Amino acid sequence: MSGLDKKFPYKKFPNKKPPEFLIKPFLKWAGGKRALLPEIRKQFPGDISRFTYYEPFLGAGAVFFDLRPERAVINDCNSQLILTYRIIKEKVEDLIALLGEYQNRNNAADYYALRDLDRDAAEFSRLTDTQRAARLIFLNKTCFNGLYRVNAQGCFNVPYGKYRRPAICEAEVLRRISAYLNTHEITLRTGDFEEAVSDAGALSFIYFDPPYHSPDKTNFTGYQAEAFGEGEQRRLRDLMVRLTRRGVKCLLSNSDTEYIRSLYGEEPFVTAQVLTKRSISADVSLRGSVSEVLIRNWKD
């Protein structure tokens with residue numbers, strides 16, 4: 001029996017689903033990779049268990065939770081998001097208790113009251129870390145389309161979603177994630193993507209999933225107040241070039257645009273075109289199958 005199963009035995013879960021099924025993203029996330037996982041797995045470098053896994057743009061962590069590495073460094077520039085991962089790791093029962101209370105607060109009045117707390121810095125500072133984590137999960141599960149979007153002032157600004165029975169408190173999932181984070185070598189970081197991988201070496205594998213290039217601004221990129229524009233896309237490409245020279249294996253996902261193909265058009269980069277389904281978009285006409293690229297910095 002693994003360390004994970006010793007802490008949370010299989011028999012405790014009445015739904016009888018395999019334990020690994022419960023280790024999955026606990027948030028909705030624009031640009032999430034669950035639909036693309038089969039194609040991403042094809043790009044992994046051989047025996048991936050020998051590598052330390054890095055993911056500098058973590059988001060909801062679909063690839064991370066699918067891979068479930070023994071050693072990983074996960075990062076996001078969204079400090080509230082990483083705080084939520086920390087609370088799941090360190091105070092999961094307190095979080096579950098609070099989310100259980102929020103389960104009965106799925107109404108517009110409570111939603112907007114919680115959403116607007118970040119408009120007042122003094123009031124927001126009085127929230128405990130657990131309250132902030134519960135707020136993020138509650139807003140994510142009840143807001144329109146499950147978006148995480150902030151305005152230029154960094155305030156959450158998505159309207160209420162009017163879902164009848166959103167899964168606000170997935171207690172089993174949260175406990176499984178907590179057990180996994182505590183029984184494996186998982187380092188949590190929050191900051192710039194370059195800093196997040198600064199200690200990566202030849203036995204590291206990095207998956208980059210940045211905000212996608214969007215020349216016509218149809219892709220969702222509003223995770224943070226600062227935009228991730230073409231200058232940042234180029235900075236990421238330059239980082240991958242330097243990491244290649246250090247012997248670090250990298251895989252990138254991005255939009256299939258002329259600009260991205262031009263950035264990664266020369267060796268050592270290898271590009272694979274894939275089709276995936278986009279389910280989160282304010283414009284219904286933009287949902288459906290779209291072309292993306294997976295770019296790695298090594299050859300088979």
# chains A, B, ... in the order shown; residues from 1 in each chain; ligands from 1

call {"tool": "closest_atom_pairs", "arguments": {"of": "range 35-78 of chain A", "to": "range 241-256 of chain A", "cutoff": "12 Å", "atoms": "only C-alpha atoms", "output": "Markdown table"}}
result
| residue | atom | partner | partner_atom | distance |
| --- | --- | --- | --- | --- |
| A:Leu36 | CA | A:Ser253 | CA | 9.9 |
| A:Leu37 | CA | A:Ser253 | CA | 11.3 |
| A:Glu39 | CA | A:Ser253 | CA | 10.7 |
| A:Ile40 | CA | A:Ser253 | CA | 8.7 |
| A:Arg41 | CA | A:Leu251 | CA | 10.6 |
| A:Lys42 | CA | A:Leu251 | CA | 11.1 |
| A:Gln43 | CA | A:Leu251 | CA | 7.6 |
| A:Phe44 | CA | A:Leu251 | CA | 8.0 |
| A:Pro45 | CA | A:Lys249 | CA | 7.7 |
| A:Gly46 | CA | A:Lys249 | CA | 11.0 |
| A:Ile48 | CA | A:Lys249 | CA | 10.6 |
| A:Phe51 | CA | A:Lys249 | CA | 9.4 |
| A:Thr52 | CA | A:Val248 | CA | 10.5 |
| A:Tyr53 | CA | A:Cys250 | CA | 10.0 |
| A:Tyr54 | CA | A:Cys250 | CA | 9.2 |
| A:Glu55 | CA | A:Leu251 | CA | 10.0 |
| A:Pro56 | CA | A:Leu252 | CA | 11.0 |
| A:Phe57 | CA | A:Leu252 | CA | 10.6 |
| A:Val63 | CA | A:Ser253 | CA | 11.4 |

call {"tool": "closest_atom_pairs", "arguments": {"of": "range 96-202 of chain A", "to": "range 67-86 of chain A", "cutoff": "9 Å", "atoms": "only C-alpha atoms", "output": "Markdown table"}}
result
| residue | atom | partner | partner_atom | distance |
| --- | --- | --- | --- | --- |
| A:Asp129 | CA | A:Leu83 | CA | 7.2 |
| A:Thr130 | CA | A:Thr84 | CA | 7.7 |
| A:Arg132 | CA | A:Gln80 | CA | 7.4 |
| A:Ala133 | CA | A:Thr84 | CA | 4.5 |
| A:Ala134 | CA | A:Thr84 | CA | 7.8 |
| A:Leu136 | CA | A:Gln80 | CA | 7.6 |
| A:Ile137 | CA | A:Thr84 | CA | 8.2 |
| A:Ile177 | CA | A:Tyr85 | CA | 9.0 |
| A:Ser178 | CA | A:Tyr85 | CA | 8.5 |
| A:Tyr180 | CA | A:Arg68 | CA | 8.2 |
| A:Leu181 | CA | A:Tyr85 | CA | 8.9 |
| A:Thr183 | CA | A:Glu70 | CA | 8.8 |
| A:His184 | CA | A:Glu70 | CA | 5.4 |
| A:Glu185 | CA | A:Arg71 | CA | 4.6 |
| A:Ile186 | CA | A:Ala72 | CA | 4.9 |
| A:Thr187 | CA | A:Val73 | CA | 4.7 |
| A:Leu188 | CA | A:Ile74 | CA | 5.3 |
| A:Arg189 | CA | A:Asn75 | CA | 4.6 |
| A:Thr190 | CA | A:Asp76 | CA | 5.1 |
| A:Gly191 | CA | A:Cys77 | CA | 4.5 |
| A:Asp192 | CA | A:Cys77 | CA | 5.9 |
| A:Phe193 | CA | A:Asn75 | CA | 7.5 |
| A:Ala196 | CA | A:Asn75 | CA | 6.3 |
| A:Val197 | CA | A:Val73 | CA | 8.1 |

call {"tool": "atom_distance", "arguments": {"atom1": "CA of Val270 in chain A", "atom2": "CA of Phe64 in chain A"}}
result
22.2 Å

call {"tool": "atom_distance", "arguments": {"atom1": "CA of Asp209 in chain A", "atom2": "CA of Arg176 in chain A"}}
result
24.2 Å

call {"tool": "select_by_dssp", "arguments": {"residues": "range 42-118 of chain A", "states": "strand (DSSP E)", "output": "number ranges by chain"}}
result
A: 52-55, 71-75

call {"tool": "closest_residue", "arguments": {"among": "A:Asp118, A:Ala109, A:Lys91, A:Ala30", "to": "Asn151 in chain A", "atoms": "only C-alpha atoms"}}
result
A:Asp118

call {"tool": "select_by_dssp", "arguments": {"residues": "range 135-172 of chain A", "states": "alpha helix (DSSP H)", "output": "count of residues only"}}
result
10

call {"tool": "residues_around", "arguments": {"residues": "Ala272 in chain A", "least_positions_apart": "4", "cutoff": "8 Å", "atoms": "only C-alpha atoms", "output": "list in words"}}
result
Val293, Leu294 and Ile295 of chain A

call {"tool": "write_last_selection", "arguments": {"atoms": "C-alpha atoms", "output": "CSV table (one decimal), in the first residue's frame"}}
result
chain,number,residue,atom,x,y,z
A,293,VAL,CA,0.9,23.4,-30.9
A,294,LEU,CA,3.1,21.3,-28.6
A,295,ILE,CA,6.7,22.3,-28.9

call {"tool": "atom_distance", "arguments": {"atom1": "CA of Cys155 in chain A", "atom2": "CA of Arg126 in chain A"}}
result
16.3 Å

call {"tool": "residues_around", "arguments": {"residues": "range 156-163 of chain A", "least_positions_apart": "5", "cutoff": "6 Å", "atoms": "only C-alpha atoms", "output": "tab-separated table (two decimals) with N, CA and C atoms, in the first residue's frame"}}
result
chain	number	residue	atom	x	y	z
A	142	THR	N	-18.64	29.03	-8.66
A	142	THR	CA	-19.96	29.65	-8.80
A	142	THR	C	-19.98	30.82	-9.78
A	143	CYS	N	-18.82	31.27	-10.26
A	143	CYS	CA	-18.81	32.40	-11.18
A	143	CYS	C	-19.17	31.96	-12.60
A	144	PHE	N	-19.42	32.91	-13.45
A	144	PHE	CA	-19.79	32.62	-14.84
A	144	PHE	C	-18.67	31.89	-15.55
A	149	ARG	N	-10.56	35.69	-13.52
A	149	ARG	CA	-10.20	36.88	-14.28
A	149	ARG	C	-10.16	38.08	-13.33
A	150	VAL	N	-9.12	38.89	-13.48
A	150	VAL	CA	-9.02	40.10	-12.67
A	150	VAL	C	-8.92	41.31	-13.59

call {"tool": "closest_residue", "arguments": {"among": "A:Ser214, A:Ser262, A:Thr276, A:Asn104", "to": "Ser289 in chain A", "atoms": "only C-alpha atoms"}}
result
A:Thr276

call {"tool": "closest_residue", "arguments": {"among": "A:Lys24, A:Ser204, A:Gly265, A:Glu292", "to": "Lys277 in chain A", "atoms": "only C-alpha atoms"}}
result
A:Glu292

call {"tool": "decode", "arguments": {"residues": "range 55-207 of chain A", "atoms": "C-alpha atoms", "output": "mmCIF file, in the first residue's frame"}}
result
data_model
loop_
_atom_site.group_PDB
_atom_site.id
_atom_site.type_symbol
_atom_site.label_atom_id
_atom_site.label_comp_id
_atom_site.auth_asym_id
_atom_site.auth_seq_id
_atom_site.Cartn_x
_atom_site.Cartn_y
_atom_site.Cartn_z
ATOM 1 C CA GLU A 55 5.462 23.476 -14.082
ATOM 2 C CA PRO A 56 5.906 27.282 -13.910
ATOM 3 C CA PHE A 57 2.357 28.155 -15.097
ATOM 4 C CA LEU A 58 0.417 25.756 -12.887
ATOM 5 C CA GLY A 59 -3.181 26.992 -13.042
ATOM 6 C CA ALA A 60 -5.536 24.140 -12.181
ATOM 7 C CA GLY A 61 -2.699 21.625 -12.642
ATOM 8 C CA ALA A 62 -4.314 19.138 -15.042
ATOM 9 C CA VAL A 63 -0.957 17.839 -16.325
ATOM 10 C CA PHE A 64 0.595 17.845 -12.855
ATOM 11 C CA PHE A 65 -2.263 15.841 -11.333
ATOM 12 C CA ASP A 66 -2.328 13.465 -14.292
ATOM 13 C CA LEU A 67 1.411 12.781 -14.021
ATOM 14 C CA ARG A 68 1.566 12.766 -10.191
ATOM 15 C CA PRO A 69 5.375 12.959 -10.105
ATOM 16 C CA GLU A 70 7.459 11.854 -7.134
ATOM 17 C CA ARG A 71 9.413 15.135 -7.258
ATOM 18 C CA ALA A 72 8.064 18.413 -8.576
ATOM 19 C CA VAL A 73 8.420 22.187 -8.427
ATOM 20 C CA ILE A 74 5.116 23.886 -9.193
ATOM 21 C CA ASN A 75 4.669 27.631 -9.563
ATOM 22 C CA ASP A 76 2.192 30.281 -10.566
ATOM 23 C CA CYS A 77 2.441 34.053 -10.529
ATOM 24 C CA ASN A 78 -1.054 34.123 -9.004
ATOM 25 C CA SER A 79 -0.215 34.242 -5.294
ATOM 26 C CA GLN A 80 -3.811 33.552 -4.235
ATOM 27 C CA LEU A 81 -3.810 30.372 -6.291
ATOM 28 C CA ILE A 82 -0.572 29.065 -4.767
ATOM 29 C CA LEU A 83 -1.848 30.045 -1.330
ATOM 30 C CA THR A 84 -4.829 27.779 -1.990
ATOM 31 C CA TYR A 85 -2.524 24.862 -2.818
ATOM 32 C CA ARG A 86 -0.625 25.522 0.410
ATOM 33 C CA ILE A 87 -3.814 25.511 2.470
ATOM 34 C CA ILE A 88 -4.908 22.233 0.864
ATOM 35 C CA LYS A 89 -1.557 20.782 1.862
ATOM 36 C CA GLU A 90 -1.415 22.175 5.407
ATOM 37 C CA LYS A 91 -4.995 22.816 6.591
ATOM 38 C CA VAL A 92 -7.267 20.756 4.407
ATOM 39 C CA GLU A 93 -9.828 19.924 7.118
ATOM 40 C CA ASP A 94 -10.241 23.593 8.065
ATOM 41 C CA LEU A 95 -10.719 24.385 4.377
ATOM 42 C CA ILE A 96 -13.287 21.616 3.912
ATOM 43 C CA ALA A 97 -15.249 22.830 6.943
ATOM 44 C CA LEU A 98 -15.419 26.362 5.572
ATOM 45 C CA LEU A 99 -16.329 25.196 2.068
ATOM 46 C CA GLY A 100 -19.089 23.107 3.609
ATOM 47 C CA GLU A 101 -20.574 26.336 4.962
ATOM 48 C CA TYR A 102 -20.163 27.988 1.564
ATOM 49 C CA GLN A 103 -22.037 25.125 -0.079
ATOM 50 C CA ASN A 104 -25.232 26.729 1.218
ATOM 51 C CA ARG A 105 -24.296 30.236 0.075
ATOM 52 C CA ASN A 106 -24.720 29.752 -3.658
ATOM 53 C CA ASN A 107 -26.724 32.901 -4.306
ATOM 54 C CA ALA A 108 -25.976 36.183 -6.019
ATOM 55 C CA ALA A 109 -25.933 38.289 -2.843
ATOM 56 C CA ASP A 110 -23.346 36.120 -1.046
ATOM 57 C CA TYR A 111 -21.369 35.698 -4.255
ATOM 58 C CA TYR A 112 -20.943 39.427 -4.836
ATOM 59 C CA ALA A 113 -20.249 40.076 -1.148
ATOM 60 C CA LEU A 114 -17.350 37.594 -1.243
ATOM 61 C CA ARG A 115 -16.184 38.685 -4.689
ATOM 62 C CA ASP A 116 -15.976 42.349 -3.710
ATOM 63 C CA LEU A 117 -13.854 41.812 -0.595
ATOM 64 C CA ASP A 118 -10.700 42.496 -2.604
ATOM 65 C CA ARG A 119 -11.928 46.041 -3.423
ATOM 66 C CA ASP A 120 -11.012 47.055 0.135
ATOM 67 C CA ALA A 121 -7.368 46.214 0.892
ATOM 68 C CA ALA A 122 -7.825 46.639 4.650
ATOM 69 C CA GLU A 123 -10.848 44.348 4.740
ATOM 70 C CA PHE A 124 -9.180 41.748 2.529
ATOM 71 C CA SER A 125 -6.075 41.742 4.735
ATOM 72 C CA ARG A 126 -8.201 40.658 7.704
ATOM 73 C CA LEU A 127 -9.095 37.368 6.024
ATOM 74 C CA THR A 128 -7.170 34.321 7.199
ATOM 75 C CA ASP A 129 -5.272 32.290 4.626
ATOM 76 C CA THR A 130 -7.901 29.568 4.888
ATOM 77 C CA GLN A 131 -10.679 32.081 4.264
ATOM 78 C CA ARG A 132 -8.855 33.376 1.197
ATOM 79 C CA ALA A 133 -8.423 29.860 -0.178
ATOM 80 C CA ALA A 134 -12.088 29.022 0.428
ATOM 81 C CA ARG A 135 -13.109 32.286 -1.234
ATOM 82 C CA LEU A 136 -11.082 31.487 -4.340
ATOM 83 C CA ILE A 137 -12.600 28.004 -4.670
ATOM 84 C CA PHE A 138 -16.133 29.277 -4.008
ATOM 85 C CA LEU A 139 -15.831 32.057 -6.593
ATOM 86 C CA ASN A 140 -14.298 29.690 -9.139
ATOM 87 C CA LYS A 141 -17.093 27.140 -8.751
ATOM 88 C CA THR A 142 -19.959 29.653 -8.800
ATOM 89 C CA CYS A 143 -18.805 32.398 -11.181
ATOM 90 C CA PHE A 144 -19.795 32.624 -14.837
ATOM 91 C CA ASN A 145 -18.054 29.947 -16.910
ATOM 92 C CA GLY A 146 -15.597 29.097 -14.132
ATOM 93 C CA LEU A 147 -13.245 31.897 -15.164
ATOM 94 C CA TYR A 148 -10.480 33.315 -13.011
ATOM 95 C CA ARG A 149 -10.203 36.881 -14.278
ATOM 96 C CA VAL A 150 -9.015 40.100 -12.671
ATOM 97 C CA ASN A 151 -9.195 43.702 -13.812
ATOM 98 C CA ALA A 152 -6.357 46.227 -14.118
ATOM 99 C CA GLN A 153 -6.449 46.782 -10.351
ATOM 100 C CA GLY A 154 -6.079 43.045 -9.695
ATOM 101 C CA CYS A 155 -9.678 42.651 -8.453
ATOM 102 C CA PHE A 156 -11.718 39.575 -9.339
ATOM 103 C CA ASN A 157 -14.429 40.778 -11.729
ATOM 104 C CA VAL A 158 -16.332 37.767 -13.114
ATOM 105 C CA PRO A 159 -20.143 37.898 -12.688
ATOM 106 C CA TYR A 160 -22.240 35.318 -10.870
ATOM 107 C CA GLY A 161 -22.808 32.091 -12.799
ATOM 108 C CA LYS A 162 -26.257 30.983 -11.551
ATOM 109 C CA TYR A 163 -25.371 27.268 -11.348
ATOM 110 C CA ARG A 164 -27.950 25.207 -9.463
ATOM 111 C CA ARG A 165 -25.702 22.642 -7.775
ATOM 112 C CA PRO A 166 -22.009 23.511 -8.228
ATOM 113 C CA ALA A 167 -19.509 21.194 -6.528
ATOM 114 C CA ILE A 168 -18.188 23.810 -4.114
ATOM 115 C CA CYS A 169 -16.853 21.339 -1.541
ATOM 116 C CA GLU A 170 -15.269 18.221 -3.085
ATOM 117 C CA ALA A 171 -13.968 16.918 0.217
ATOM 118 C CA GLU A 172 -12.603 13.599 -1.067
ATOM 119 C CA VAL A 173 -10.699 15.284 -3.870
ATOM 120 C CA LEU A 174 -9.180 17.866 -1.517
ATOM 121 C CA ARG A 175 -8.106 15.210 0.991
ATOM 122 C CA ARG A 176 -6.471 13.117 -1.727
ATOM 123 C CA ILE A 177 -4.609 16.138 -3.080
ATOM 124 C CA SER A 178 -3.477 17.041 0.447
ATOM 125 C CA ALA A 179 -2.206 13.509 1.047
ATOM 126 C CA TYR A 180 -0.355 13.507 -2.271
ATOM 127 C CA LEU A 181 1.308 16.877 -1.594
ATOM 128 C CA ASN A 182 2.406 15.682 1.844
ATOM 129 C CA THR A 183 3.758 12.274 0.796
ATOM 130 C CA HIS A 184 5.788 13.415 -2.224
ATOM 131 C CA GLU A 185 8.602 15.917 -2.754
ATOM 132 C CA ILE A 186 6.500 18.830 -3.988
ATOM 133 C CA THR A 187 7.852 22.380 -3.795
ATOM 134 C CA LEU A 188 5.348 25.238 -4.124
ATOM 135 C CA ARG A 189 6.534 28.562 -5.514
ATOM 136 C CA THR A 190 4.913 31.805 -6.583
ATOM 137 C CA GLY A 191 6.644 34.259 -8.870
ATOM 138 C CA ASP A 192 8.058 34.818 -12.330
ATOM 139 C CA PHE A 193 8.397 31.795 -14.593
ATOM 140 C CA GLU A 194 12.149 32.337 -15.072
ATOM 141 C CA GLU A 195 12.779 32.316 -11.333
ATOM 142 C CA ALA A 196 10.591 29.245 -10.923
ATOM 143 C CA VAL A 197 12.945 27.110 -13.062
ATOM 144 C CA SER A 198 16.233 28.772 -12.120
ATOM 145 C CA ASP A 199 17.539 25.604 -10.418
ATOM 146 C CA ALA A 200 16.424 23.146 -13.109
ATOM 147 C CA GLY A 201 19.178 20.856 -14.352
ATOM 148 C CA ALA A 202 19.828 17.990 -16.748
ATOM 149 C CA LEU A 203 17.547 15.658 -14.774
ATOM 150 C CA SER A 204 14.644 18.104 -14.906
ATOM 151 C CA PHE A 205 11.616 18.135 -17.198
ATOM 152 C CA ILE A 206 9.681 21.392 -17.572
ATOM 153 C CA TYR A 207 6.170 21.771 -18.919
#
